[in-house]
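Below is one structure, written out as structure tokens, with a few remarks after it.
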Amino acid sequence: MSAPQRRTMIRALVLKDWYYMRWSIAAYLTLGAVALILVASGSEGSFYAGSVLLVTLLISLGIHLSMATVVEERTGQTLPFIMSLPISPGDYTTAKVIANLGIFLIPWTALLTGTIAVIAGRAAINDGLIPFAVIILTWILLSYCMNLAVALVSESQAWSIGAMVVGNLAFQAVLYAVSHIPSIALSMKGDVALWPPAARLLLLGEIGAIVLLLAFTFHMQGRKTDFV
Amino acid sequence: MNDLAVRFSGVHKQYRHFHLADIDLELPTGSIMGFIGANGAGKSTTLRILMGLVHQDRGAVEVLGQSMPSQQAQAKADIGFVAEDMRLYKWATLAWHMDFIASIYPGWDAAYAAELVRRFDIRPEQKMRGMSHGQRVKAGLLLALARRPRLLVLDEPTTGLDPVARHEVLGALMEVLTDESRTVLFSSQNTLDVEQISDQITFIDRGRIIDSADKESYLERWRRVRLDVPPDVILPALDDVVARSTTGRLTVLTSNRFTAAMAEACAAAGATVNSIETMTLEEIFLANVQQRREKEAA
């Protein structure tokens with residue numbers, strides 16, 4: 001099959017998933033905007049409420065996406081329909097990764113940018129919080145990539161739920177651990193956003209883990225012999 | 001040009017409780033093959049291997065000149081596939097599915113799709129969620145047929161359909177078959193359906209192909225011979241008798257390569273030939289399966 005034909009197929013599959021998730025995306029974006037308004041609204045209480053809503057929304061979106069667009073395809077027996085189309089397993093994986101990451105990265109980027117803007121724009125919040133916020137939000141992205149990888153490779157509801165539980169527990173641990181790294185804890189209290197070596201290392205580690213997870217997903221999908 | 005649409009050579013697939021063994025199968029371009037087997041015989045596994053949905057452990061599969069599963073994307077561009085356990089998206093309408101398939105297949109025939117909508121009496125604006133089993137099967141068939149595929153692979157499409165829906169589905173298939181360049185592989189437990197539309201028949205049982213030939217040859221070769229055999233008469237040893245049952249003086253022989261000489265030999269031995277009966281495809285299938293299972297048990 002020629003490269004343009006493959007691109008057409010992958011685009012059709014990506015658009016299909018986006019169409020299916022269109023109302024959910026709109027709902028998450030609306031709630032995300034509400035969360036950012038709360039964060040920016042002034043009081044300490046609304047800042048924390050907005051932050052919690054923000055994180056909860058991202059985690060929920062990650063879970064929702066991988067369950068709805070990947071696991072449901074297996075449990076709803078639509079996978080044979082999709083795999084009977086002129087695509088290879090590699091094309092299918094590419095389409096799923098693009099569709100899912102595409103959806104997730106829109107609110108994730110909006111929330112990352114909004115969070116940084118709110119922290120930087122409000123005098124009451126230390127700018128030193130920016131590296132911490134970026135590391136935590138990138139962890140959420142990493143956790144989402146893990147959910148997606150497990151969902152794609154296992155196509156199993158049980159494994160996907162297991163991955164979500166692990167991701168959520170790990171999130172609490174990461175939140176605690178990162179905020180207790182002395183150099184990061186110190187920089188969080190500063191008026192200027194500083195990136196101590198530990199923060200840079202953490203962020204690079206997260207990005208590296210995301211790349212490895214995606215590579216692992218493609219590798220495992222390439223070895224799969226059963227698509228029904 | 002390759003005149004075989006499908007070729008399986010020594011295909012093997014192992015599962016924990018089932019294995020498909022040494023599948024050799026050839027489907028010439030333009031033919032309509034009925035693939036008959038009981039539940040769990042290996043029909044669906046064979047068709048899934050053909051589609052690249054399941055990868056064989058060993059052996060070669062070539063579909064429309066493409067090696068499977070490595071070149072499945074190219075092959076599937078010319079295949080329409082419908083399976084009884086395949087579902088469409090319940091959140092979407094049939095119209096959405098039609099647009100989706102049309103965006104993928106350049107050969108999508110919108111006029112033919114509209115005609116099938118009318119003939120099948122299904123509503124494009126209806127979501128799959130609200131459709132009955134029969135409507136879902138017809139929707140799947142519409143999506144497969146209107147892309148005008150060179151090869152149509154149907155895995156038990158008539159299973160679970162009411163008589164009216166079955167008639168409509170078979171009618172549409174028979175019309176498709178008037179195009180001599182189109183190849184069809186059609187699996188079913190229902191020998192009547194297969195008999196209606198196929199020109200080639202393959203029987204599969206317990207993961208092995210037990211017989212494959214053209215339909216007319218089956219119907220011509222297989223006969224049931226009813227004999228009245230007096231107590232003092234011993235029937236001669238006959239080749240090609242796959243089953244023999246005796247109740248009192250009445251003996252029934254089932255032959256898979258019947259010739260007039262067979263009846264003459266029985267008569268010469270002192271038996272009276274009461275009747276020589278043709279057999280239905282279902283009877284031929286059952287006799288075939290029974291013969292093979294007895295051989296296995298022996």
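Identifiers for the structure tokens are assigned positionally: chains receive A, B, ... in sequence, residues are indexed from 1 per chain, and ligands are indexed from 1 in the order shown.
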
Exercise. Which residues of chain A are close to chain B, meaning at most 10 Å apart when you count only C-alpha atoms, and how do they look as a ChimeraX atom specification?
Worked result: /A:1-2,5-6,8-13,15-16,19-20,73,76-89,91,224-228

Store the residues of this selection in a file with C-alpha atoms, as a PDB file, in the first residue's frame.
```pdb
ATOM      1  CA  MET A   1       0.000   0.000   0.000  1.00  0.00           C
ATOM      2  CA  SER A   2       1.331   3.431  -0.883  1.00  0.00           C
ATOM      3  CA  GLN A   5      -3.147   5.493   1.070  1.00  0.00           C
ATOM      4  CA  ARG A   6      -1.805   4.584   4.494  1.00  0.00           C
ATOM      5  CA  THR A   8      -5.651   8.342   4.379  1.00  0.00           C
ATOM      6  CA  MET A   9      -6.486   5.244   6.383  1.00  0.00           C
ATOM      7  CA  ILE A  10      -4.770   6.495   9.536  1.00  0.00           C
ATOM      8  CA  ARG A  11      -6.476   9.874   9.199  1.00  0.00           C
ATOM      9  CA  ALA A  12      -9.878   8.190   8.839  1.00  0.00           C
ATOM     10  CA  LEU A  13      -9.288   6.173  12.008  1.00  0.00           C
ATOM     11  CA  LEU A  15     -11.066  11.295  12.863  1.00  0.00           C
ATOM     12  CA  LYS A  16     -13.362   8.435  13.796  1.00  0.00           C
ATOM     13  CA  TYR A  19     -15.754  12.230  16.333  1.00  0.00           C
ATOM     14  CA  TYR A  20     -16.719   9.612  18.906  1.00  0.00           C
ATOM     15  CA  GLU A  73     -13.175  -1.683  20.723  1.00  0.00           C
ATOM     16  CA  GLY A  76     -17.700  -4.155  21.936  1.00  0.00           C
ATOM     17  CA  GLN A  77     -16.424  -6.502  19.184  1.00  0.00           C
ATOM     18  CA  THR A  78     -15.774  -3.639  16.791  1.00  0.00           C
ATOM     19  CA  LEU A  79     -12.075  -4.520  16.519  1.00  0.00           C
ATOM     20  CA  PRO A  80     -12.700  -7.115  13.750  1.00  0.00           C
ATOM     21  CA  PHE A  81     -14.595  -4.438  11.787  1.00  0.00           C
ATOM     22  CA  ILE A  82     -11.706  -1.997  12.045  1.00  0.00           C
ATOM     23  CA  MET A  83      -9.040  -4.623  11.419  1.00  0.00           C
ATOM     24  CA  SER A  84     -10.898  -5.847   8.326  1.00  0.00           C
ATOM     25  CA  LEU A  85     -10.201  -2.459   6.738  1.00  0.00           C
ATOM     26  CA  PRO A  86      -7.025  -1.987   4.666  1.00  0.00           C
ATOM     27  CA  ILE A  87      -4.715  -1.380   7.600  1.00  0.00           C
ATOM     28  CA  SER A  88      -1.802  -3.183   9.199  1.00  0.00           C
ATOM     29  CA  PRO A  89      -1.427  -3.635  12.970  1.00  0.00           C
ATOM     30  CA  ASP A  91      -1.238   1.523  11.148  1.00  0.00           C
ATOM     31  CA  LYS A 224       0.697  -9.443  18.415  1.00  0.00           C
ATOM     32  CA  THR A 225      -0.902 -12.267  16.440  1.00  0.00           C
ATOM     33  CA  ASP A 226      -4.547 -11.958  17.391  1.00  0.00           C
ATOM     34  CA  PHE A 227      -6.805  -8.997  16.583  1.00  0.00           C
ATOM     35  CA  VAL A 228     -10.232 -10.385  17.373  1.00  0.00           C
TER      36      VAL A 228
END
```

For this session: Considering only C-alpha atoms, return as a VMD selection string whatever protein or nucleic-acid residues lie within 10 Å of range 16-33 of chain B, sequence-local ones (same chain, fewer than 4 positions apart) excluded.
Result: chain B and resid 2 to 12 40 to 43 45 to 46 56 to 64 150 to 153 177 to 187 194 to 195 197 to 202 204 to 210 212 to 215

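For the choices A:Tyr92, A:Phe47, A:Phe171, A:Tyr176, the atom-to-atom distance to Ile125 in chain A is smallest for A:Phe47 when using only C-alpha atoms.
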
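Across the structure, CA of Glu282 in chain B and CA of Leu173 in chain B are spaced 20.8 Å apart.
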
Problem set entry | Atom-to-atom span, CA of Val289 in chain B and CA of Leu235 in chain B, Å |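 According to the coordinates, CA of Val289 in chain B and CA of Leu235 in chain B are separated by 24.7 Å.
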
Exercise. Separation of CA of Glu206 in chain A and CA of Ile135 in chain A, in Å?
Worked result: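 Rounded to one decimal, the two atoms are 8.1 Å apart.
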
Exercise. Looking only at the backbone, which of the residues in range 109-264 of chain B does DSSP tag as strand (DSSP E or B), as a PyMOL selection string?
Worked result: chain B and resi 127+151-155+183-188+200-205+208-214+223-228+241-247+250-255

For this session: Select, from B:Ala110, B:Ile284, B:Leu143, B:Ala271, the residue with the minimum atom-to-atom distance to Arg249 in chain B, counting only C-alpha atoms.
Result: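 With only C-alpha atoms as the atom set, the closest residue is B:Ala271.
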
Just the residues within 12 Å of Gly171 in chain B, please, counting only C-alpha atoms, with nothing from its chain fewer than 6 positions along; format it as an mmCIF file with C-alpha atoms, in the first residue's frame.
```cif
data_model
loop_
_atom_site.group_PDB
_atom_site.id
_atom_site.type_symbol
_atom_site.label_atom_id
_atom_site.label_comp_id
_atom_site.auth_asym_id
_atom_site.auth_seq_id
_atom_site.Cartn_x
_atom_site.Cartn_y
_atom_site.Cartn_z
ATOM 1 C CA LEU B 116 -29.323 -2.107 -0.712
ATOM 2 C CA ARG B 119 -33.930 -3.761 -0.423
ATOM 3 C CA PHE B 120 -32.849 -4.572 3.131
ATOM 4 C CA LYS B 138 -27.741 -6.541 6.728
ATOM 5 C CA LEU B 141 -23.363 -6.795 4.418
ATOM 6 C CA THR B 158 -27.033 -16.022 8.151
ATOM 7 C CA PRO B 163 -36.402 -16.635 7.629
ATOM 8 C CA VAL B 164 -37.304 -13.303 6.008
ATOM 9 C CA ALA B 165 -33.936 -11.695 6.766
ATOM 10 C CA LEU B 177 -22.574 -13.703 -7.571
ATOM 11 C CA THR B 178 -23.728 -12.850 -11.057
ATOM 12 C CA ASP B 193 -27.762 -21.808 2.557
ATOM 13 C CA GLN B 196 -28.096 -22.475 -2.679
ATOM 14 C CA ILE B 197 -25.216 -20.216 -3.559
#
```

Exercise. Which residue, A:Ala40, A:Leu201, A:Thr75, A:Met164, has the smallest gap to Ala123 in chain A when you use only C-alpha atoms?
Worked result: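 Answer, going by the shortest atom-to-atom distance: A:Ala40.
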
Which residues, written as a PDB file with N, CA and C atoms, in the first residue's frame, have at least one atom at most 8 Å from Asn147 in chain A, with only C-alpha atoms counted and residues fewer than 5 positions away on the same chain left out?
```pdb
ATOM      1  N   GLY A  62      -7.688  10.854  30.911  1.00  0.00           N
ATOM      2  CA  GLY A  62      -6.768   9.786  30.508  1.00  0.00           C
ATOM      3  C   GLY A  62      -7.423   8.414  30.598  1.00  0.00           C
ATOM      4  N   ILE A  63      -8.115   8.192  31.713  1.00  0.00           N
ATOM      5  CA  ILE A  63      -8.784   6.900  31.917  1.00  0.00           C
ATOM      6  C   ILE A  63      -9.908   6.724  30.892  1.00  0.00           C
ATOM      7  N   SER A  66      -8.592   5.985  27.135  1.00  0.00           N
ATOM      8  CA  SER A  66      -8.067   4.655  26.808  1.00  0.00           C
ATOM      9  C   SER A  66      -9.153   3.589  26.914  1.00  0.00           C
ATOM     10  N   SER A 160      -6.266  -2.738  32.307  1.00  0.00           N
ATOM     11  CA  SER A 160      -6.348  -1.277  32.221  1.00  0.00           C
ATOM     12  C   SER A 160      -6.710  -0.669  33.573  1.00  0.00           C
ATOM     13  N   ALA A 163      -3.687  -0.756  35.718  1.00  0.00           N
ATOM     14  CA  ALA A 163      -2.735   0.304  35.374  1.00  0.00           C
ATOM     15  C   ALA A 163      -3.192   1.646  35.945  1.00  0.00           C
ATOM     16  N   MET A 164      -4.511   1.877  35.927  1.00  0.00           N
ATOM     17  CA  MET A 164      -5.032   3.138  36.472  1.00  0.00           C
ATOM     18  C   MET A 164      -4.800   3.224  37.978  1.00  0.00           C
ATOM     19  N   GLY A 167      -1.230   3.894  38.537  1.00  0.00           N
ATOM     20  CA  GLY A 167      -0.938   5.288  38.156  1.00  0.00           C
ATOM     21  C   GLY A 167      -1.401   6.274  39.213  1.00  0.00           C
TER      22      GLY A 167
END
```

Exercise. Using only C-alpha atoms, which residues sit within 12 Å of range 223-227 of chain B once same-chain residues fewer than 3 positions away are excluded, as a ChimeraX atom specification?
Worked result: /B:217-220,230,233-235,240-260,262-267,269-281,283-284,287

For this session: Please run DSSP on the backbone and report, as a PyMOL selection string, all residues within range 67-271 of chain B that come out as alpha helix (DSSP H).
Result: chain B and resi 72-76+94-104+110-120+133-145+163-176+191-197+215-221+260-268

Exercise. Leu141 in chain A: which residues within 12 Å, counting only C-alpha atoms, same-chain residues fewer than 3 positions away excluded, as a PyMOL selection string?
Worked result: chain A and resi 55+58-63+100-109+111-112+134-138+144-148+167+171+203+206-207+209-211+213

For the residues in the current selection, export C-alpha atoms as a short mmCIF file (atom, residue, chain, number, x, y, z; two decimals), in the first residue's frame.
```cif
data_model
loop_
_atom_site.label_atom_id
_atom_site.label_comp_id
_atom_site.auth_asym_id
_atom_site.auth_seq_id
_atom_site.Cartn_x
_atom_site.Cartn_y
_atom_site.Cartn_z
CA VAL A 55 -5.63 17.28 38.17
CA LEU A 58 -6.70 15.23 33.48
CA ILE A 59 -6.59 11.87 35.25
CA SER A 60 -10.25 11.20 34.40
CA LEU A 61 -9.72 12.15 30.77
CA GLY A 62 -6.77 9.79 30.51
CA ILE A 63 -8.78 6.90 31.92
CA ASN A 100 -5.51 9.52 21.89
CA LEU A 101 -2.46 11.70 22.40
CA GLY A 102 -4.05 14.33 20.17
CA ILE A 103 -7.13 14.50 22.34
CA PHE A 104 -5.21 14.36 25.60
CA LEU A 105 -2.58 16.90 24.62
CA ILE A 106 -5.15 19.60 23.78
CA PRO A 107 -6.51 20.01 27.33
CA TRP A 108 -3.15 19.03 28.81
CA THR A 109 -1.34 21.79 26.92
CA LEU A 111 -3.98 23.41 31.35
CA LEU A 112 -0.17 23.45 31.47
CA VAL A 134 5.40 21.24 35.18
CA ILE A 135 6.89 18.09 36.70
CA ILE A 136 3.53 17.06 38.18
CA LEU A 137 1.58 17.76 34.99
CA THR A 138 4.20 15.86 32.95
CA TYR A 144 -1.74 8.60 30.74
CA CYS A 145 0.78 7.13 28.28
CA MET A 146 1.10 4.14 30.58
CA ASN A 147 -2.69 3.70 30.59
CA LEU A 148 -2.75 3.94 26.81
CA GLY A 167 -0.94 5.29 38.16
CA PHE A 171 0.71 10.04 41.53
CA LEU A 203 11.53 16.21 33.80
CA GLU A 206 9.57 11.67 32.55
CA ILE A 207 9.98 12.61 28.88
CA ALA A 209 9.84 7.31 30.00
CA ILE A 210 7.07 8.58 27.70
CA VAL A 211 9.20 7.90 24.62
CA LEU A 213 6.48 3.60 26.68
#
```
